Amino acid sequence: MLSQTSRYALRILGHLASRPGDWVQGVHIAQDTGIPANYLSKILNQLRKRGFVLSQKGWGGGFRLAPGAEGHPILEVLEVFDGPRAEGQCLFGLARCDKDNPCPLHTYWESIQSTYLAMMQATRIADLHGPAQAAQTGSIDPNRP
C-alpha cells in the first residue's frame with residue numbers, strides 16, 4: 001500500500017520528530033534509520049521542497065522538522081511520493097469497478113480503503129515518533145548531534 005520511498009519518508013520524519021528543534025546530520029539519520037545515504041538525500045530534498053523539513057549547511061547544521069510540520073497529516077507526505085490516494089480505486093486495478101459493476105472484493109475493499117484513508121488523514125507527523133519507531137530503527141542516542 002505504501003511505496004518504499006513513502007515508508008522511508010515516514011521513518012525520516014518520525015526520527016526528526018523525536019528530536020524537536022535539533023539539527024540532525026544526514027549521516028546520523030541514515031545510520032539511525034537504516035536508510036541508504038544516497039536514497040535518504042533524495043527523500044530529504046523532496047521533504048525540504050515541500051516544506052516538511054528545514055536544512056542548514058555547515059558546522060552544526062543538518063535537518064530538522066519545519067515549524068508546524070508536526071501537525072500535518074501523514075497523508076500529505078504519502079501524496080508527495082505516491083501521488084493522490086483516490087478513494088474507490090479497485091484492489092484488482094480494474095478500470096470499471098463500482099457498486100454497479102463490482103469486482104469480487106469490492107465491498108470489502110471499499111470499507112478497508114475508507115478506514116485506511118481516514119487513519120492516514122488523522123495520523124500526524126508528531127505521532128510518528130515513540131517506542132515503536134525506536135524499536136523499529138534501533139536505539140537512538142539522544143545526545144548525538
# chains A, B, ... in the order shown; residues from 1 in each chain; ligands from 1
call {"tool": "select_by_dssp", "arguments": {"residues": "range 58-88 of chain A", "states": "strand (DSSP E or B)", "output": "JSON, numbers by chain"}}
result
{"A": [62, 63, 64, 65, 73]}
call {"tool": "select_by_dssp", "arguments": {"residues": "range 19-124 of chain A", "states": "alpha helix (DSSP H)", "output": "PyMOL selection string"}}
result
chain A and resi 26-33+37-49+74-82+106-122
call {"tool": "closest_residue", "arguments": {"among": "A:Val80, A:Leu128, A:Leu65, A:Ala122", "to": "Asp22 in chain A", "atoms": "only C-alpha atoms"}}
result
A:Leu65
call {"tool": "residues_around", "arguments": {"residues": "Asp82 in chain A", "least_positions_apart": "2", "cutoff": "9 Å", "atoms": "only C-alpha atoms", "output": "ChimeraX atom specification"}}
result
/A:2-3,5-6,77-80,84-85
call {"tool": "closest_residue", "arguments": {"among": "A:Thr123, A:Ser111, A:Ser18, A:Gln46", "to": "Asp32 in chain A", "atoms": "only C-alpha atoms"}}
result
A:Ser18
call {"tool": "closest_residue", "arguments": {"among": "A:Gln25, A:Asn101, A:Asn45, A:Gln113", "to": "Gly60 in chain A", "atoms": "only C-alpha atoms"}}
result
A:Gln25
call {"tool": "atom_distance", "arguments": {"atom1": "CA of Val53 in chain A", "atom2": "CA of Thr115 in chain A"}}
result
28.1 Å
call {"tool": "atom_distance", "arguments": {"atom1": "CA of Ala17 in chain A", "atom2": "CA of Leu54 in chain A"}}
result
12.5 Å
